[in-house]
Each structure stands twice: as C-alpha cells, then as structure tokens.
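Coordinates as given in data-v1.cif (mmCIF, C-alpha atoms):
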```cif
data_work
loop_
_atom_site.label_atom_id
_atom_site.label_comp_id
_atom_site.auth_asym_id
_atom_site.auth_seq_id
_atom_site.Cartn_x
_atom_site.Cartn_y
_atom_site.Cartn_z
CA MET S 1 0.00 0.00 0.00
CA ALA S 2 1.21 3.46 -0.86
CA PRO S 3 1.46 6.22 1.74
CA ALA S 4 -1.23 8.88 1.65
CA LYS S 5 -0.56 12.56 1.28
CA GLU S 6 0.99 14.03 4.38
CA PHE S 7 -1.88 16.46 4.99
CA GLY S 8 -5.41 16.95 3.74
CA ALA S 9 -6.06 14.29 1.10
CA GLU S 10 -9.39 15.10 -0.57
CA LEU S 11 -11.79 13.09 -2.71
CA PRO S 12 -9.99 13.76 -6.06
CA ASP S 13 -6.77 12.54 -4.44
CA LEU S 14 -8.54 9.35 -3.33
CA LEU S 15 -9.91 8.71 -6.83
CA PHE S 16 -6.48 9.22 -8.39
CA ALA S 17 -4.99 6.84 -5.83
CA ALA S 18 -7.65 4.25 -6.67
CA VAL S 19 -6.54 4.28 -10.33
CA GLN S 20 -2.95 3.71 -9.26
CA GLY S 21 -3.44 1.32 -6.35
CA ASN S 22 -6.64 -0.67 -6.80
CA PRO S 23 -5.72 -4.26 -7.81
CA THR S 24 -9.01 -4.81 -9.65
CA LEU S 25 -8.34 -1.82 -11.88
CA LYS S 26 -4.73 -2.87 -12.41
CA ALA S 27 -5.87 -6.31 -13.56
CA ALA S 28 -8.51 -4.77 -15.84
CA TRP S 29 -5.94 -2.46 -17.42
CA LEU S 30 -3.61 -5.38 -18.12
CA GLU S 31 -6.53 -6.96 -20.00
CA VAL S 32 -6.73 -3.80 -22.11
CA VAL S 33 -3.01 -4.08 -22.88
CA ALA S 34 -3.44 -7.76 -23.79
CA SER S 35 -6.33 -6.92 -26.13
CA GLY S 36 -4.05 -4.49 -27.97
CA GLN S 37 -1.53 -7.28 -28.42
CA ASP S 38 -4.28 -9.58 -29.69
CA LEU S 39 -5.19 -6.94 -32.27
CA GLU S 40 -1.60 -6.82 -33.49
CA VAL S 41 -1.63 -10.62 -33.82
CA ALA S 42 -4.81 -10.44 -35.92
CA GLU S 43 -3.32 -7.77 -38.18
CA ARG S 44 -0.28 -9.95 -38.78
CA GLY S 45 -2.61 -12.63 -40.10
CA ARG S 46 -2.34 -10.84 -43.45
CA TRP S 47 1.35 -11.67 -43.58
CA PRO S 48 2.70 -14.79 -45.32
CA VAL S 49 2.89 -17.96 -43.26
CA VAL S 50 6.50 -19.19 -43.28
CA SER S 51 7.33 -22.75 -42.27
CA ALA S 52 10.28 -25.11 -42.36
CA VAL S 53 9.99 -28.91 -42.69
CA MET S 54 12.97 -31.19 -41.97
CA GLU S 55 12.21 -34.92 -41.80
CA SER S 56 14.60 -37.78 -41.14
CA LYS S 57 15.90 -40.11 -43.87
CA THR S 58 13.87 -43.07 -42.73
CA GLY S 59 11.32 -43.11 -45.51
CA THR S 60 10.88 -45.76 -48.19
CA VAL S 61 11.30 -45.48 -51.93
CA THR S 62 7.63 -44.48 -52.27
CA THR S 63 7.42 -42.33 -49.11
CA LEU S 64 10.12 -39.70 -49.13
CA PRO S 65 11.03 -37.28 -46.33
CA SER S 66 10.27 -33.59 -46.77
CA ARG S 67 12.95 -30.96 -46.39
CA ALA S 68 11.85 -27.56 -47.52
CA LEU S 69 11.19 -23.94 -46.67
CA ARG S 70 7.64 -22.79 -47.45
CA ALA S 71 5.84 -19.48 -47.56
CA GLN S 72 2.10 -19.32 -48.10
CA GLN S 73 0.32 -16.02 -48.74
CA PRO S 74 -3.50 -15.67 -48.69
CA VAL S 75 -4.72 -13.90 -51.83
CA TRP S 76 -8.47 -13.93 -51.33
CA ASP S 77 -10.53 -15.35 -48.46
CA GLY S 78 -13.95 -13.79 -48.87
CA GLY S 79 -13.15 -11.09 -46.31
CA ARG S 80 -12.44 -13.52 -43.48
CA MET S 81 -9.10 -11.98 -42.46
CA ALA S 82 -10.49 -8.43 -42.55
CA SER S 83 -13.40 -9.47 -40.34
CA LEU S 84 -10.99 -11.17 -37.91
CA VAL S 85 -9.13 -7.86 -37.59
CA SER S 86 -12.45 -6.06 -37.08
CA GLU S 87 -13.34 -8.64 -34.45
CA SER S 88 -10.11 -7.96 -32.57
CA GLU S 89 -10.66 -4.21 -32.80
CA ALA S 90 -14.18 -4.58 -31.41
CA GLN S 91 -12.90 -6.89 -28.68
CA LYS S 92 -10.36 -4.25 -27.68
CA LYS S 93 -13.14 -1.65 -27.49
CA VAL S 94 -15.24 -3.94 -25.33
CA ILE S 95 -12.39 -4.58 -22.90
CA THR S 96 -11.40 -0.90 -22.82
CA TYR S 97 -14.93 0.29 -22.06
CA ARG S 98 -15.26 -2.51 -19.53
CA TYR S 99 -12.16 -1.16 -17.79
CA TYR S 100 -13.63 2.35 -17.62
CA GLN S 101 -16.90 0.89 -16.42
CA GLN S 102 -15.07 -0.94 -13.63
CA GLN S 103 -13.20 2.27 -12.88
CA GLN S 104 -16.52 4.09 -12.54
CA GLN S 105 -17.80 1.42 -10.15
CA VAL S 106 -14.65 1.70 -8.03
CA PHE S 107 -15.00 5.50 -8.03
CA LEU S 108 -18.62 5.20 -6.87
CA SER S 109 -17.48 2.85 -4.11
CA VAL S 110 -14.84 5.39 -3.08
CA VAL S 111 -17.48 8.14 -2.99
CA ASN S 112 -19.77 5.92 -0.87
CA ALA S 113 -16.96 5.16 1.58
CA TRP S 114 -15.98 8.83 1.64
CA GLN S 115 -19.61 9.77 2.36
CA ASN S 116 -19.69 7.32 5.26
CA VAL S 117 -16.43 8.71 6.64
CA MET S 118 -17.64 12.29 6.48
CA ALA S 119 -21.07 11.54 7.94
CA ALA S 120 -19.50 9.52 10.77
CA LYS S 121 -16.98 12.28 11.46
CA GLU S 122 -19.73 14.92 11.66
CA ARG S 123 -21.84 12.66 13.87
CA ALA S 124 -18.83 12.18 16.15
CA ASN S 125 -18.33 15.96 16.31
CA THR S 126 -22.02 16.37 17.13
CA ALA S 127 -21.79 13.75 19.88
CA GLN S 128 -18.71 15.48 21.33
CA ARG S 129 -20.52 18.83 21.38
CA ALA S 130 -23.47 17.16 23.07
CA MET S 131 -21.11 15.59 25.62
CA LEU S 132 -19.62 18.98 26.49
CA ARG S 133 -23.11 20.47 26.81
CA LEU S 134 -24.30 17.63 29.01
CA LYS S 135 -21.15 17.75 31.15
CA GLU S 136 -21.85 21.41 31.86
CA PHE S 137 -25.43 20.55 32.78
CA GLU S 138 -24.16 17.72 34.98
CA ALA S 139 -21.88 20.11 36.88
CA GLN S 140 -24.72 22.59 37.22
CA MET S 141 -27.12 19.93 38.46
CA MET S 142 -24.57 18.56 40.94
CA ARG S 143 -24.38 22.01 42.50
CA ARG S 144 -28.18 22.24 42.61
CA VAL S 145 -28.49 18.78 44.18
CA GLU S 146 -25.87 19.63 46.80
CA ALA S 147 -27.77 22.83 47.52
CA GLN S 148 -30.99 20.79 47.63
CA ALA S 149 -32.47 23.02 44.92
CA SER S 150 -33.20 19.99 42.72
CA PRO S 151 -33.90 16.31 43.43
CA ARG S 152 -31.21 13.72 42.79
CA ILE S 153 -33.29 12.14 40.02
CA ASP S 154 -32.50 15.18 37.85
CA LEU S 155 -28.78 14.41 38.21
CA GLU S 156 -29.40 10.78 37.29
CA LEU S 157 -31.33 11.91 34.23
CA VAL S 158 -28.44 13.93 32.87
CA GLU S 159 -25.99 11.12 33.68
CA ALA S 160 -28.17 8.68 31.72
CA ARG S 161 -28.12 11.07 28.75
CA ILE S 162 -24.32 11.27 29.01
CA PHE S 163 -24.03 7.47 28.90
CA GLN S 164 -26.34 7.38 25.88
CA THR S 165 -24.26 10.03 24.10
CA GLU S 166 -21.06 8.13 24.86
CA VAL S 167 -22.54 5.09 23.10
CA GLU S 168 -23.45 7.24 20.08
CA LEU S 169 -19.96 8.73 20.02
CA SER S 170 -18.38 5.28 20.18
CA SER S 171 -20.62 4.06 17.35
CA ALA S 172 -19.75 7.07 15.17
CA LEU S 173 -16.02 6.61 15.75
CA SER S 174 -16.31 2.90 14.94
CA ASN S 175 -18.18 3.65 11.70
CA GLN S 176 -15.56 6.23 10.80
CA ALA S 177 -12.72 3.75 11.38
CA ASN S 178 -14.46 1.04 9.33
CA SER S 179 -15.11 3.45 6.46
CA LEU S 180 -11.51 4.64 6.52
CA ARG S 181 -10.31 1.05 6.30
CA ARG S 182 -12.64 0.58 3.32
CA LEU S 183 -11.08 3.64 1.69
CA GLU S 184 -7.62 2.23 2.29
CA GLN S 185 -8.62 -1.03 0.59
CA LEU S 186 -10.14 0.75 -2.40
CA THR S 187 -7.32 3.25 -2.94
CA GLY S 188 -4.25 1.33 -1.83
CA LEU S 189 -3.35 4.22 0.48
CA GLN S 190 -2.27 3.66 4.02
CA SER S 191 -2.47 5.60 7.27
CA LEU S 192 -5.72 7.36 6.34
CA GLN S 193 -6.78 6.99 9.97
CA GLN S 194 -3.92 9.13 11.19
CA PRO S 195 -4.88 12.73 12.10
CA GLY S 196 -4.37 15.29 9.34
CA VAL S 197 -4.11 12.79 6.48
CA LEU S 198 -7.69 13.14 5.25
CA ALA S 199 -9.37 16.53 4.83
CA PHE S 200 -12.72 16.76 6.63
CA ASP S 201 -13.87 20.22 5.52
CA PHE S 202 -16.03 18.44 2.98
CA PHE S 203 -19.28 20.41 2.94
CA ASN S 204 -19.30 23.21 0.37
CA PRO S 205 -22.89 24.33 -0.29
CA ALA S 206 -21.83 26.69 -3.09
CA VAL S 207 -20.16 23.86 -5.03
CA ALA S 208 -23.05 21.47 -4.34
CA SER S 209 -25.53 24.09 -5.57
CA LEU S 210 -23.55 24.61 -8.78
CA ILE S 211 -23.49 20.87 -9.51
CA THR S 212 -27.21 20.61 -8.70
CA GLN S 213 -27.96 23.43 -11.16
CA ASP S 214 -25.75 21.76 -13.78
CA ILE S 215 -27.57 18.42 -13.72
CA GLN S 216 -30.94 20.15 -13.97
CA ALA S 217 -29.78 21.83 -17.19
CA GLN S 218 -28.40 18.64 -18.74
CA ASP S 219 -30.02 16.34 -21.30
CA LEU S 220 -29.80 13.14 -19.27
CA GLY S 221 -30.67 10.99 -22.27
CA LEU S 222 -27.67 12.40 -24.15
CA LEU S 223 -25.43 11.89 -21.13
CA ALA S 224 -26.56 8.28 -20.93
CA THR S 225 -25.42 7.61 -24.52
CA LYS S 226 -21.87 8.57 -23.51
CA ASP S 227 -21.73 6.30 -20.48
CA HIS S 228 -19.09 3.56 -20.52
CA ALA S 229 -21.68 0.82 -19.93
CA VAL S 230 -23.63 1.93 -23.01
CA LEU S 231 -20.47 2.30 -25.09
CA ARG S 232 -19.36 -1.17 -24.02
CA ASN S 233 -22.67 -2.65 -25.14
CA GLN S 234 -22.37 -0.83 -28.47
CA ALA S 235 -18.91 -2.36 -28.86
CA GLU S 236 -20.48 -5.75 -28.06
CA VAL S 237 -22.77 -5.18 -31.05
CA GLU S 238 -19.73 -4.45 -33.26
CA LEU S 239 -18.06 -7.58 -31.95
CA ALA S 240 -21.14 -9.71 -32.70
CA ARG S 241 -21.33 -8.31 -36.24
CA ALA S 242 -17.63 -9.00 -36.81
CA ARG S 243 -18.05 -12.58 -35.62
CA TYR S 244 -20.98 -12.99 -37.97
CA ASN S 245 -18.92 -11.63 -40.88
CA THR S 246 -16.08 -14.00 -40.01
CA LYS S 247 -18.37 -17.02 -39.99
CA ASP S 248 -20.19 -15.84 -43.13
CA ALA S 249 -16.87 -15.54 -44.98
CA GLU S 250 -16.17 -19.23 -44.34
CA LYS S 251 -18.77 -20.19 -46.96
CA TRP S 252 -16.27 -19.08 -49.62
CA PRO S 253 -13.14 -20.97 -50.67
CA GLN S 254 -9.74 -19.44 -49.96
CA LEU S 255 -7.26 -18.63 -52.71
CA PHE S 256 -3.58 -18.67 -51.83
CA VAL S 257 -0.08 -18.66 -53.30
CA ARG S 258 2.62 -20.94 -51.91
CA VAL S 259 6.34 -20.85 -52.59
CA GLU S 260 8.47 -23.85 -51.67
CA GLN S 261 12.24 -24.15 -51.63
CA PRO S 262 13.65 -27.68 -51.17
CA VAL S 263 16.63 -27.94 -48.85
CA GLY S 264 19.27 -30.44 -49.94
CA LYS S 265 18.83 -33.47 -52.17
CA VAL S 266 16.30 -36.11 -51.19
CA VAL S 267 17.21 -39.66 -52.28
CA SER S 268 16.44 -39.90 -56.00
CA TYR S 269 15.38 -36.29 -56.44
CA ALA S 270 18.25 -33.98 -57.22
CA ASP S 271 16.17 -30.98 -58.39
CA THR S 272 16.25 -28.33 -55.62
CA ARG S 273 14.84 -25.43 -57.58
CA MET S 274 12.15 -23.22 -56.01
CA SER S 275 8.54 -24.07 -56.82
CA ALA S 276 5.47 -21.84 -56.78
CA PHE S 277 1.82 -22.91 -56.55
CA VAL S 278 -1.56 -21.25 -56.72
CA GLY S 279 -4.06 -23.12 -54.57
CA LEU S 280 -7.71 -23.20 -53.63
CA GLN S 281 -8.79 -24.40 -50.20
CA TYR S 282 -12.32 -24.99 -48.98
CA THR S 283 -13.18 -26.51 -45.60
CA PRO S 284 -16.92 -26.69 -44.87
CA ASN S 285 -18.01 -27.51 -41.35
CA ALA S 286 -19.71 -30.77 -40.50
CA GLY S 287 -22.97 -31.04 -42.42
CA PHE S 288 -22.19 -27.78 -44.21
CA SER S 289 -23.35 -25.91 -41.11
CA ASN S 290 -21.44 -22.67 -41.80
CA GLN S 291 -24.52 -20.78 -42.90
CA LEU S 292 -26.60 -22.01 -39.96
CA GLN S 293 -23.88 -20.90 -37.53
CA ALA S 294 -23.74 -17.51 -39.26
CA GLN S 295 -27.49 -17.14 -38.83
CA ALA S 296 -27.17 -17.88 -35.12
CA LEU S 297 -24.51 -15.15 -34.81
CA LEU S 298 -26.76 -12.73 -36.69
CA THR S 299 -29.48 -13.41 -34.11
CA ARG S 300 -26.99 -12.58 -31.37
CA VAL S 301 -26.39 -9.22 -33.07
CA ASP S 302 -30.07 -8.42 -32.61
CA SER S 303 -29.82 -9.52 -28.96
CA SER S 304 -26.81 -7.26 -28.38
CA GLU S 305 -28.66 -4.28 -29.85
CA GLN S 306 -31.46 -4.79 -27.33
CA LEU S 307 -28.90 -4.82 -24.52
CA VAL S 308 -27.66 -1.39 -25.68
CA GLN S 309 -31.14 0.06 -25.18
CA ALA S 310 -31.48 -1.66 -21.81
CA ALA S 311 -28.13 -0.28 -20.62
CA GLN S 312 -28.99 3.22 -21.81
CA ARG S 313 -32.27 3.19 -19.91
CA GLU S 314 -30.55 1.91 -16.78
CA VAL S 315 -27.88 4.63 -16.94
CA GLN S 316 -30.45 7.35 -17.59
CA GLU S 317 -32.40 6.13 -14.56
CA ALA S 318 -29.22 6.39 -12.47
CA PHE S 319 -28.73 9.99 -13.65
CA GLU S 320 -32.34 10.80 -12.81
CA ASN S 321 -31.88 9.27 -9.35
CA ASP S 322 -28.79 11.44 -8.83
CA ARG S 323 -30.76 14.50 -9.86
CA GLU S 324 -33.64 13.71 -7.51
CA GLU S 325 -31.20 12.93 -4.71
CA MET S 326 -29.42 16.27 -5.15
CA VAL S 327 -32.61 18.32 -5.35
CA SER S 328 -34.18 16.60 -2.34
CA SER S 329 -30.92 16.73 -0.34
CA LYS S 330 -30.57 20.45 -1.03
CA ALA S 331 -34.09 21.09 0.25
CA LYS S 332 -33.50 18.76 3.19
CA VAL S 333 -30.26 20.48 4.21
CA SER S 334 -31.97 23.87 4.12
CA ALA S 335 -34.93 22.66 6.18
CA ILE S 336 -32.80 20.79 8.74
CA ALA S 337 -30.46 23.77 9.14
CA ARG S 338 -33.49 25.85 10.10
CA ALA S 339 -34.59 23.08 12.46
CA VAL S 340 -31.15 23.11 14.13
CA ALA S 341 -31.33 26.88 14.58
CA GLY S 342 -34.82 26.50 16.00
CA SER S 343 -33.70 23.75 18.39
CA GLN S 344 -30.90 25.98 19.66
CA SER S 345 -33.38 28.77 20.35
CA VAL S 346 -35.73 26.35 22.10
CA LEU S 347 -32.92 25.02 24.29
CA ALA S 348 -31.84 28.53 25.28
CA SER S 349 -35.45 29.43 26.08
CA TYR S 350 -36.02 26.26 28.11
CA LEU S 351 -32.89 26.94 30.14
CA ARG S 352 -34.16 30.41 31.03
CA GLN S 353 -37.61 29.02 31.87
CA PHE S 354 -36.05 26.25 33.97
CA GLN S 355 -34.21 28.87 35.99
CA GLY S 356 -37.53 30.66 36.44
CA GLY S 357 -39.28 27.47 37.48
CA LYS S 358 -41.54 27.30 34.40
CA LYS S 359 -39.91 24.25 32.73
CA SER S 360 -38.77 20.95 34.19
CA TRP S 361 -35.26 19.56 33.94
CA LEU S 362 -36.60 16.78 31.72
CA ASP S 363 -37.88 19.43 29.30
CA VAL S 364 -34.38 20.89 29.11
CA LEU S 365 -32.77 17.50 28.48
CA ASN S 366 -35.37 16.68 25.84
CA ALA S 367 -34.54 19.97 24.12
CA VAL S 368 -30.84 18.99 24.20
CA ARG S 369 -31.74 15.62 22.72
CA GLU S 370 -33.82 17.21 19.97
CA LEU S 371 -30.98 19.58 19.07
CA THR S 372 -28.50 16.69 18.95
CA GLN S 373 -30.79 14.58 16.76
CA ASN S 374 -31.29 17.47 14.34
CA GLU S 375 -27.52 17.95 14.14
CA TYR S 376 -27.09 14.22 13.39
CA THR S 377 -29.69 14.47 10.63
CA LEU S 378 -28.03 17.59 9.22
CA ALA S 379 -24.64 15.83 9.09
CA ASP S 380 -26.16 12.90 7.17
CA ALA S 381 -28.03 15.21 4.78
CA GLN S 382 -24.95 17.30 4.03
CA ALA S 383 -22.86 14.20 3.31
CA ALA S 384 -25.64 12.76 1.15
CA TRP S 385 -25.94 15.99 -0.88
CA MET S 386 -22.21 16.22 -1.58
CA ALA S 387 -22.00 12.49 -2.35
CA ALA S 388 -24.91 12.68 -4.80
CA ALA S 389 -23.23 15.60 -6.54
CA TYR S 390 -19.93 13.75 -6.85
CA LYS S 391 -21.63 10.52 -7.99
CA TYR S 392 -23.25 12.50 -10.80
CA GLN S 393 -19.84 13.88 -11.79
CA VAL S 394 -18.37 10.38 -11.78
CA ARG S 395 -21.15 9.06 -14.03
CA ALA S 396 -20.90 12.08 -16.32
CA GLY S 397 -17.11 11.72 -16.61
CA VAL S 398 -16.47 15.17 -15.12
CA PRO S 399 -13.05 15.42 -13.44
CA LEU S 400 -13.58 15.80 -9.70
CA GLN S 401 -11.80 18.94 -8.69
CA LYS S 402 -12.45 21.94 -6.55
CA VAL S 403 -15.10 24.04 -8.26
CA SER S 404 -14.98 27.70 -7.37
CA PRO S 405 -18.37 29.38 -7.34
CA PRO S 406 -18.71 32.49 -9.54
#
```
Can you turn what I pasted into structure tokens?
Amino acid sequence: MAPAKEFGAELPDLLFAAVQGNPTLKAAWLEVVASGQDLEVAERGRWPVVSAVMESKTGTVTTLPSRALRAQQPVWDGGRMASLVSESEAQKKVITYRYYQQQQQVFLSVVNAWQNVMAAKERANTAQRAMLRLKEFEAQMMRRVEAQASPRIDLELVEARIFQTEVELSSALSNQANSLRRLEQLTGLQSLQQPGVLAFDFFNPAVASLITQDIQAQDLGLLATKDHAVLRNQAEVELARARYNTKDAEKWPQLFVRVEQPVGKVVSYADTRMSAFVGLQYTPNAGFSNQLQAQALLTRVDSSEQLVQAAQREVQEAFENDREEMVSSKAKVSAIARAVAGSQSVLASYLRQFQGGKKSWLDVLNAVRELTQNEYTLADAQAAWMAAAYKYQVRAGVPLQKVSPP
C-alpha cells in the first residue's frame, strides 16, 4: 500500500490513488493491454505464413522425407481476415470500455466510503458537542443537588443522557474507522486513519448548488449515450457483427499462393529449384453448417442491440436518481439547518424558563436531545448531498476537482 498525502487528502486525491493502487483496476488495465496485443496478432494474419519442414531419412522409396522452406500467402478469403481484424478491434473496445466501467464502479465505491467517513466524522463531532453540553449541565445539576435546589433524580437523568451520548460517540467513531479502512482497501493508500491525512472540511454548499444546477440543465438521455456501460454494449454489437462476418466468410473458398524451396537433395530427387503454386482451399463444417452458424450469430447481433437500449435506460435512470437525490438533499439540508437553529433557540429558552421554574429539567434534556438529533440528521443530509453531486460527476465523466463558485 502506498502512503497517503501528508496532509489533507481530498476526494480527487482518493480517486487518483484508486486508479494507481486498486488491484481490480490494475488487472482490468492489463486486460486492455493484452487486447491491444491480440489486435496486433490479428493484423499480422495478413502476412505470409513461413514454415520449415525437416524430416529424417527413414522413408521408403515411395514415401520420401520432406525438407523444404515454405511461404504461403492468402490472396483472397472472402473477407475472413479483414473481419478477424475487425473482431479484434471490437474486442479491444469492449475490454477498454469494460475497464472504464469498472473504474466508474470503483469511483462510486470510493465516494460511498468517503460519504460514510464524512457523515461519521460529523456525527462524532455532534456527539462530542453534546457531551460537552451535558457535562456542563451535569456540573450545574450537581451544585443544585448539593444545595438541595433539585432532586437527585434530575442528576441521574443527565448522567443517563451522558451514557447514551457516549454510546453514540463510540458508534460514530467505529463507523468512521471502518469506512476509513474501506477507503484504504479501495485506494491502496495507508495511514488514512492518522490525524491530518484526510481533509474533513467536505461540505461546500456553493459547489453542491452549482453541480445541482448543472444536472438540472443537462439532457440526461444524451449523457446516458456517452456512459461507458452503453459504449461497451455498443462495442459488443460491433463484436457480434464482426463474428458474424467471419463465420459468413467461411462459406467461400480461400485462394492462396505458396512458394516452396527444397533444402538439400532427397534420395532420388536432385532438383532443388524453387517451386510456386496457386491453390484453392475450402473446408466446410460438419454437415455444411457454416450458414446455420452464421445465422445464429446474426441473431446474437439483434440480442446485443437490445442490450444497448437496456443499458442506456438503466444509466439514464441512475442519472435521474442522482438529480432527484441532489434536489431533495438540497431542500432537506436547508430545512434541517433551520430546524437546528430553532432547536438551539428552544434550548436557550427552556434553560431560562427552567431557571424561572416554568420548565422541568426533563424538558431541558429533551430539548438537548432534539438539538443533537437534528444535528445528526443535518450531518447525514450534508454528506448525502455532496456524495450525490460527486456521484453525478463520476457518471458524467467530469473530473472531480475543486469548483470555485462564480
């Protein structure tokens, strides 16, 4: 595993690290490289086939050993070699788009893990603020109990809330640690759990608003046609057509030229001059099934075309889900932020009323609990909004970078 940046690694840094350090993506890229080599092999199929034959002198008078150099060059094959090259080209496209599709899936997994880290971190911060608030109330209530201004049950109430908040803090820290380990596995980075390695100032409402406005102005159907899953399925159609053309070309005979140069004298034959031949080769499959096999491949072309439409609809649905998630998260963040402000005002008012004997201690603690719950919900909503925005950028192929609002 590679070391992370010394300070403040952000989401774009994590995505870049995933490209470099994720073993699944490394393996997929090696498949892309191999497909390029396969294409070169197919292109060399147009070259002459050179062979050497050297047999021992153990033949009979009627069965003589062969000792010769041969070169055979295809002249016409009904387009079979050209379709084999097209097949390799389409196969390379399929594997390349599959790599970028896998890369997109890894990126989405990184964004999900990042979202969980940020939400857990904000929940932990909220729990710590609640702990400080409750500790102050505990000290205040201890003084009131000692002065016999309040019953001891009020002190036990605040202590119970402290224990409950400690559990929530422990759960948030555990979720944060688990999500950080998930990020380390996805990116190949190490030491993300050390302080200062990962930047936590993640919520930028101006950037999130810009991305939300952008997706609302986009033609999602057009975006879907450019998705790697759709492009891969289109390449699958090209591959199916090329395979059909290859099989269809086999119904024609192959014309070739062969040049043969004997090596040395063989028993009674002393003529070692070069010979040239023009040949015709035809190899039908069993039961002359070439055409039937070609028809089956043509049917698979139609099947692949249907898969293109299915993939496009699925991707467009994902874009639409991202758009709805961003719009709803934006509204939710705004509403919850107002709820947090209202809860703070209610808590301050209840404290004043408690001092005046108009509210009970339980009312004050319930107001603290309501404020804490609203802050938890706000942390989740903020992380969900930013994650939805970044997921849209990943699907749309937009480089994730810091976007400065105008």
Got a sec: who's within 6 Å of stretch 322-338 of chain S, counting only C-alpha atoms, leaving out chain neighbours fewer than 2 positions off, as a PDB file with C-alpha atoms, in the frame of the given file?
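Generated output (result_39.pdb):
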```pdb
ATOM      1  CA  PHE S 319     -28.730   9.990 -13.650  1.00  0.00           C
ATOM      2  CA  GLU S 320     -32.340  10.800 -12.810  1.00  0.00           C
ATOM      3  CA  VAL S 340     -31.150  23.110  14.130  1.00  0.00           C
ATOM      4  CA  ALA S 341     -31.330  26.880  14.580  1.00  0.00           C
ATOM      5  CA  LEU S 378     -28.030  17.590   9.220  1.00  0.00           C
ATOM      6  CA  ALA S 381     -28.030  15.210   4.780  1.00  0.00           C
ATOM      7  CA  TRP S 385     -25.940  15.990  -0.880  1.00  0.00           C
ATOM      8  CA  ALA S 388     -24.910  12.680  -4.800  1.00  0.00           C
ATOM      9  CA  TYR S 392     -23.250  12.500 -10.800  1.00  0.00           C
TER      10      TYR S 392
END
```
Explicit residues for the PyMOL selection byres ((chain S and resi 312) around 9) (as a PDB file with C-alpha atoms, keeping the file's coordinate frame):
```pdb
ATOM      1  CA  GLY S 221     -30.670  10.990 -22.270  1.00  0.00           C
ATOM      2  CA  ALA S 224     -26.560   8.280 -20.930  1.00  0.00           C
ATOM      3  CA  THR S 225     -25.420   7.610 -24.520  1.00  0.00           C
ATOM      4  CA  ASP S 227     -21.730   6.300 -20.480  1.00  0.00           C
ATOM      5  CA  ALA S 229     -21.680   0.820 -19.930  1.00  0.00           C
ATOM      6  CA  VAL S 230     -23.630   1.930 -23.010  1.00  0.00           C
ATOM      7  CA  LEU S 307     -28.900  -4.820 -24.520  1.00  0.00           C
ATOM      8  CA  VAL S 308     -27.660  -1.390 -25.680  1.00  0.00           C
ATOM      9  CA  GLN S 309     -31.140   0.060 -25.180  1.00  0.00           C
ATOM     10  CA  ALA S 310     -31.480  -1.660 -21.810  1.00  0.00           C
ATOM     11  CA  ALA S 311     -28.130  -0.280 -20.620  1.00  0.00           C
ATOM     12  CA  ARG S 313     -32.270   3.190 -19.910  1.00  0.00           C
ATOM     13  CA  GLU S 314     -30.550   1.910 -16.780  1.00  0.00           C
ATOM     14  CA  VAL S 315     -27.880   4.630 -16.940  1.00  0.00           C
ATOM     15  CA  GLN S 316     -30.450   7.350 -17.590  1.00  0.00           C
ATOM     16  CA  GLU S 317     -32.400   6.130 -14.560  1.00  0.00           C
TER      17      GLU S 317
END
```
I need the output of the PyMOL selection byres ((chain S and resi 360-374) around 7) for this file as a PyMOL selection string; which residues are they? chain S and resi 126+130+154+336+339-340+343-344+346-347+350-351+354+358-359+375-378
S:Pro151, S:Arg161, S:Gly356, S:Asn112 ranked by distance to S:Leu132, top pick (using all atoms listed in the file): S:Arg161
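Atom to atom, atom CA of S:Ser109 and atom CA of S:Gln306 stand 28.2 Å apart.
The gap separating atom CA of S:Ala387 from atom CA of S:Pro195 is 22.4 Å, in Å to one decimal.
Residues near the point (-1.5, -11.2, -43.1), at a distance of 12 Å or less over only C-alpha atoms, make up Glu40, Val41, Ala42, Glu43, Arg44, Gly45, Arg46, Trp47, Pro48, Val49, Val50, Ala71, Gln72, Gln73, Pro74, Val75, Trp76, Asp77, Arg80, Met81, Ala82, Leu84, Val85 and Phe256 of chain S.
Comparing the minimum interatomic distances between S:Val94 and each of S:Ser345, S:Gln355, S:Ser35, S:Asn22, counting all atoms listed in the file, we find that S:Ser35 sits nearest.
As for atom CA of S:Glu305 and atom CA of S:Arg98, they are spaced 17.0 Å apart.
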Taking the file as shown, what set of residues would the PyMOL selection byres ((chain S and resi 17) around 9) give back, as a ChimeraX atom specification? /S:2,4,12-16,18-22,186-189
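In this comparison, which uses all atoms listed in the file, the residue of S:Trp29, S:Leu69, S:Ser56, S:Glu89 approaching S:Glu260 most closely is S:Leu69.
When all atoms listed in the file are used to compute distances to S:Leu192, the closest of the residues S:Ala172, S:Ala177, S:Ala379, S:Val394 turns out to be S:Ala177.
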Which residues of stretch 163-266 of chain S come within 12 Å of stretch 133-149 of chain S, and for each one, what is the closest pair of atoms and their distance in Å to one decimal, counting all atoms listed in the file, sorted by chain and residue number, as JSON lines?
```
{"residue": "S:Phe163", "atom": "CA", "partner": "S:Leu134", "partner_atom": "CA", "distance": 10.2}
{"residue": "S:Gln164", "atom": "CA", "partner": "S:Leu134", "partner_atom": "CA", "distance": 10.9}
{"residue": "S:Thr165", "atom": "CA", "partner": "S:Leu134", "partner_atom": "CA", "distance": 9.0}
{"residue": "S:Glu166", "atom": "CA", "partner": "S:Leu134", "partner_atom": "CA", "distance": 10.9}
```
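Minimum atom-to-atom distances from S:Ser191, S:Ser51, S:Thr24, S:Ser171 to S:Gln105 were compared using all atoms listed in the file, and the lowest value belongs to S:Thr24.
Shortest atom-to-atom contact with S:Val110 among S:Arg352, S:Arg273, S:Arg182, S:Lys247: S:Arg182, counting all atoms listed in the file.
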As lines of an AutoDock Vina configuration file: centre and edge lengths in Å, one decimal, of the axis-aligned box holding stretch 102-106 of chain S with 8 Å per side:
```
center_x = -15.5
center_y = 1.6
center_z = -10.8
size_x = 20.6
size_y = 21.0
size_z = 21.6
```
